[in-house]
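**Q** I have a structure here, written as structure tokens, and I will follow up with some questions on it.
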Amino acid sequence: MTRPVVADLTVGQELARREVTVDRARLVRYAGASGDFNPIHWNDRVATAVGLPGVIAHGMWTMGAASSVVVDWAGDPGAVVDYQVRFTRPVPVPDPGAATVEVVAVAGVVDVEAGTVRVDLTVSVDGARVLGKAQAVVRLS
């Protein structure tokens with residue numbers, strides 16, 4: 001795949017779209033990798049006791065899953081020079097089954113002179129946004 005060229009991009013252009021699934025087994029693996037063993041990410045009783053709908057995905061897993069769409073589109077993880085999100089809603093993960101996180105990346109600002117594009121991400125589960133103001137700045141030249 002060839003790397004995108006900033007001069008070829010237009011504001012509002014869809015750059016990438018992907019569905020990412022997360023199940024309980026992935027949560028356990030993420031907990032081990034991240035060191036985040038908070039029981040709201042693996043124990044329904046604890047999660048519901050604190051007012052959640054059940055076990056939820058780690059916010060940082062969700063953030064990382066969304067950023068992977070940008071990295072894959074850019075073709076180089078080092079091209080992402082800034083990435084920010086607001087956590088707006090948890091991602092419930094059923095058992096059995098999985099949650100599907102939909103990520104849509106759109107060019108928000110294209111700066112040909114600087115060689116950058118701000119990528120605006122819509123990250124949702126079942127039509128509800130789970131990350132707000134999710135934006136990455138990618139340097140393409």
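Scheme for the structure tokens: letters A, B, ... for chains in order shown; per-chain residue numbers from 1; ligand numbers from 1 in order shown.
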So that I can check the surroundings of Ala16 of chain A, please list as a PDB file with N, CA, C and O atoms, in the first residue's frame every protein, DNA and RNA residue that reaches within 6 Å of it, counting only C-alpha atoms and ignoring chain neighbours fewer than 2 positions away.
**A**
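Result went into result-v8.pdb, see below:
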ATOM      1  N   GLU A  14     -13.573  10.637   3.514  1.00  0.00           N
ATOM      2  CA  GLU A  14     -13.408   9.460   4.363  1.00  0.00           C
ATOM      3  C   GLU A  14     -12.088   8.796   4.011  1.00  0.00           C
ATOM      4  O   GLU A  14     -11.806   8.501   2.853  1.00  0.00           O
ATOM      5  N   VAL A 104     -14.629   5.305  12.057  1.00  0.00           N
ATOM      6  CA  VAL A 104     -14.637   5.980  10.762  1.00  0.00           C
ATOM      7  C   VAL A 104     -13.689   7.171  10.869  1.00  0.00           C
ATOM      8  O   VAL A 104     -13.840   8.008  11.759  1.00  0.00           O
ATOM      9  N   ALA A 105     -12.723   7.221   9.956  1.00  0.00           N
ATOM     10  CA  ALA A 105     -11.715   8.289   9.941  1.00  0.00           C
ATOM     11  C   ALA A 105     -11.976   9.209   8.758  1.00  0.00           C
ATOM     12  O   ALA A 105     -12.106   8.751   7.628  1.00  0.00           O
TER      13      ALA A 105
END
**Q** Which residues are close to Thr122 of chain A, i.e. within 12 Å by only C-alpha atoms, leaving aside same-chain residues fewer than 3 positions away? Reply as a ChimeraX atom specification.
**A** /A:14-19,63,66-67,69-70,85-86,88,101-108,119,125,127-136
**Q** Compare A:Arg26, A:Asp126, A:Asp120, A:Val5 by their minimum atom-to-atom distance to Asp82 of chain A, counting only C-alpha atoms, and give me the closest one.
**A** A:Asp120
**Q** Just list the residues in segment 8-127 of chain A DSSP gives alpha helix (DSSP H) on the backbone, as number ranges by chain.
**A** A: 24-34, 44-49, 59-74
**Q** Residues near Val93 of chain A, anyone? I mean within 6 Å using only C-alpha atoms, not counting same-chain ones fewer than 5 positions away, as a PyMOL selection string.
**A** chain A and resi 55-56+98-99
**Q** Can you write just those residues out, C-alpha atoms, as a tab-separated table (two decimals), in the first residue's frame?
**A**
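That gives us selection-v9.tsv:
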chain	number	residue	atom	x	y	z
A	55	VAL	CA	-18.08	-5.74	32.11
A	56	ILE	CA	-16.67	-2.93	29.99
A	98	ALA	CA	-18.33	-9.62	21.61
A	99	ALA	CA	-18.79	-5.89	21.19
**Q** Using only C-alpha atoms, which residues sit within 7 Å of Leu9 of chain A once same-chain residues fewer than 3 positions away are excluded, as a ChimeraX atom specification?
**A** /A:6,13,110
**Q** I'd like the contact shell of Glu113 of chain A - 12 Å cut-off, only C-alpha atoms, skipping same-chain residues fewer than 4 positions apart - returned as a PDB file with N, CA, C and O atoms, in the first residue's frame.
**A**
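As a result, part_34.pdb now contains:
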ATOM      1  N   VAL A   6      -0.616  14.251   1.182  1.00  0.00           N
ATOM      2  CA  VAL A   6      -1.455  15.291   1.776  1.00  0.00           C
ATOM      3  C   VAL A   6      -2.138  16.150   0.717  1.00  0.00           C
ATOM      4  O   VAL A   6      -3.296  16.537   0.871  1.00  0.00           O
ATOM      5  N   ALA A   7      -1.469  16.425  -0.376  1.00  0.00           N
ATOM      6  CA  ALA A   7      -2.049  17.275  -1.433  1.00  0.00           C
ATOM      7  C   ALA A   7      -3.235  16.603  -2.125  1.00  0.00           C
ATOM      8  O   ALA A   7      -4.048  17.284  -2.755  1.00  0.00           O
ATOM      9  N   VAL A 109      -8.907  18.556   8.869  1.00  0.00           N
ATOM     10  CA  VAL A 109      -8.136  19.723   8.437  1.00  0.00           C
ATOM     11  C   VAL A 109      -6.972  19.197   7.607  1.00  0.00           C
ATOM     12  O   VAL A 109      -6.268  18.276   8.034  1.00  0.00           O
ATOM     13  N   VAL A 117      -2.371  16.335   8.185  1.00  0.00           N
ATOM     14  CA  VAL A 117      -3.825  16.221   8.126  1.00  0.00           C
ATOM     15  C   VAL A 117      -4.315  15.890   9.529  1.00  0.00           C
ATOM     16  O   VAL A 117      -3.700  15.078  10.230  1.00  0.00           O
ATOM     17  N   ARG A 139       1.516  13.491  10.072  1.00  0.00           N
ATOM     18  CA  ARG A 139       2.448  14.187   9.184  1.00  0.00           C
ATOM     19  C   ARG A 139       2.746  13.263   8.010  1.00  0.00           C
ATOM     20  O   ARG A 139       3.252  12.168   8.190  1.00  0.00           O
ATOM     21  N   LEU A 140       2.406  13.710   6.824  1.00  0.00           N
ATOM     22  CA  LEU A 140       2.562  12.880   5.633  1.00  0.00           C
ATOM     23  C   LEU A 140       3.756  13.266   4.779  1.00  0.00           C
ATOM     24  O   LEU A 140       4.068  12.586   3.819  1.00  0.00           O
ATOM     25  N   SER A 141       4.395  14.361   5.072  1.00  0.00           N
ATOM     26  CA  SER A 141       5.584  14.730   4.295  1.00  0.00           C
ATOM     27  C   SER A 141       6.591  15.425   5.186  1.00  0.00           C
ATOM     28  O   SER A 141       6.377  15.700   6.302  1.00  0.00           O
TER      29      SER A 141
END
**Q** Figure out the distance between atom CA of Pro53 of chain A and atom CA of Ser124 of chain A, please, to one decimal in Å.
**A** 16.5 Å
**Q** Counting only C-alpha atoms, which of A:Trp42, A:Phe87, A:Trp61, A:Trp73 gets nearest to Thr21 of chain A?
**A**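 Using only C-alpha atoms, the shortest distance to Thr21 of chain A belongs to A:Trp61.
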**Q** Given only C-alpha atoms as the basis, pick out the residue of A:Asp111, A:Gly59, A:Ala47, A:Gly64 nearest to Pro90 of chain A.
**A** A:Gly59
**Q** DSSP on the backbone: what in chain A comes out strand (DSSP E), as a PyMOL selection string?
**A** chain A and resi 14-23+80-87+98-111+116-125+128-139
**Q** Using the selection just defined, write its residues with C-alpha atoms as a PDB file, in the first residue's frame.
**A**
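Saved result, again_1.pdb, follows:
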ATOM      1  CA  GLU A  14     -13.408   9.460   4.363  1.00  0.00           C
ATOM      2  CA  LEU A  15      -9.948   8.009   4.841  1.00  0.00           C
ATOM      3  CA  ALA A  16     -10.651   4.684   6.510  1.00  0.00           C
ATOM      4  CA  ARG A  17     -13.380   2.613   8.102  1.00  0.00           C
ATOM      5  CA  ARG A  18     -13.089  -0.508  10.223  1.00  0.00           C
ATOM      6  CA  GLU A  19     -14.984  -2.632  12.698  1.00  0.00           C
ATOM      7  CA  VAL A  20     -12.964  -3.970  15.628  1.00  0.00           C
ATOM      8  CA  THR A  21     -14.383  -6.652  17.895  1.00  0.00           C
ATOM      9  CA  VAL A  22     -13.586  -7.163  21.541  1.00  0.00           C
ATOM     10  CA  ASP A  23     -14.570 -10.159  23.638  1.00  0.00           C
ATOM     11  CA  VAL A  80       1.001  10.150  14.004  1.00  0.00           C
ATOM     12  CA  VAL A  81       2.340  13.203  15.831  1.00  0.00           C
ATOM     13  CA  ASP A  82      -0.647  13.864  18.106  1.00  0.00           C
ATOM     14  CA  TYR A  83      -3.645  11.822  19.245  1.00  0.00           C
ATOM     15  CA  GLN A  84      -6.341  12.821  21.695  1.00  0.00           C
ATOM     16  CA  VAL A  85      -9.775  11.569  22.711  1.00  0.00           C
ATOM     17  CA  ARG A  86     -12.441  12.110  25.320  1.00  0.00           C
ATOM     18  CA  PHE A  87     -13.944   9.010  26.884  1.00  0.00           C
ATOM     19  CA  ALA A  98     -18.328  -9.621  21.608  1.00  0.00           C
ATOM     20  CA  ALA A  99     -18.791  -5.893  21.193  1.00  0.00           C
ATOM     21  CA  THR A 100     -18.154  -4.350  17.804  1.00  0.00           C
ATOM     22  CA  VAL A 101     -16.481  -0.946  17.758  1.00  0.00           C
ATOM     23  CA  GLU A 102     -16.939   0.951  14.491  1.00  0.00           C
ATOM     24  CA  VAL A 103     -14.231   3.477  13.595  1.00  0.00           C
ATOM     25  CA  VAL A 104     -14.637   5.980  10.762  1.00  0.00           C
ATOM     26  CA  ALA A 105     -11.715   8.289   9.941  1.00  0.00           C
ATOM     27  CA  VAL A 106     -12.336  11.525   8.023  1.00  0.00           C
ATOM     28  CA  ALA A 107      -9.992  14.335   7.026  1.00  0.00           C
ATOM     29  CA  GLY A 108     -10.868  17.246   9.319  1.00  0.00           C
ATOM     30  CA  VAL A 109      -8.136  19.723   8.437  1.00  0.00           C
ATOM     31  CA  VAL A 110      -5.661  19.429   5.580  1.00  0.00           C
ATOM     32  CA  ASP A 111      -2.541  21.600   5.798  1.00  0.00           C
ATOM     33  CA  THR A 116      -0.249  17.370   7.920  1.00  0.00           C
ATOM     34  CA  VAL A 117      -3.825  16.221   8.126  1.00  0.00           C
ATOM     35  CA  ARG A 118      -6.024  16.207  11.205  1.00  0.00           C
ATOM     36  CA  VAL A 119      -7.945  12.964  11.151  1.00  0.00           C
ATOM     37  CA  ASP A 120     -11.315  13.135  12.908  1.00  0.00           C
ATOM     38  CA  LEU A 121     -12.533   9.793  14.211  1.00  0.00           C
ATOM     39  CA  THR A 122     -16.080   8.701  14.890  1.00  0.00           C
ATOM     40  CA  VAL A 123     -15.858   5.753  17.275  1.00  0.00           C
ATOM     41  CA  SER A 124     -19.137   4.084  18.130  1.00  0.00           C
ATOM     42  CA  VAL A 125     -20.801   0.926  19.387  1.00  0.00           C
ATOM     43  CA  ALA A 128     -23.612   5.416  20.146  1.00  0.00           C
ATOM     44  CA  ARG A 129     -20.322   7.324  20.272  1.00  0.00           C
ATOM     45  CA  VAL A 130     -17.916   5.928  22.828  1.00  0.00           C
ATOM     46  CA  LEU A 131     -15.076   8.383  22.190  1.00  0.00           C
ATOM     47  CA  GLY A 132     -15.655  12.085  21.724  1.00  0.00           C
ATOM     48  CA  LYS A 133     -13.399  14.614  20.021  1.00  0.00           C
ATOM     49  CA  ALA A 134     -11.183  11.791  18.820  1.00  0.00           C
ATOM     50  CA  GLN A 135      -8.542  13.400  16.624  1.00  0.00           C
ATOM     51  CA  ALA A 136      -5.112  12.485  15.333  1.00  0.00           C
ATOM     52  CA  VAL A 137      -2.626  14.707  13.563  1.00  0.00           C
ATOM     53  CA  VAL A 138      -0.665  12.854  10.904  1.00  0.00           C
ATOM     54  CA  ARG A 139       2.448  14.187   9.184  1.00  0.00           C
TER      55      ARG A 139
END
**Q** Could you state the separation of atom CA of Ala74 of chain A and atom CA of Ala57 of chain A in Å, given to one decimal place?
**A**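 Atom CA of Ala57 of chain A lies at a distance of 25.7 Å from atom CA of Ala74 of chain A.
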**Q** Hey, can you check how far atom CA of Ala79 of chain A sits from atom CA of Val28 of chain A?
**A**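 Going from atom CA of Ala79 of chain A over to atom CA of Val28 of chain A covers 29.8 Å.
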**Q** Counting only C-alpha atoms, figure out which residue out of A:Asp95, A:Asp76, A:Asp36, A:Asp8 gets nearest to Arg24 of chain A.
**A**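 Of A:Asp95, A:Asp76, A:Asp36, A:Asp8, the one nearest Arg24 of chain A is A:Asp95, counting only C-alpha atoms.
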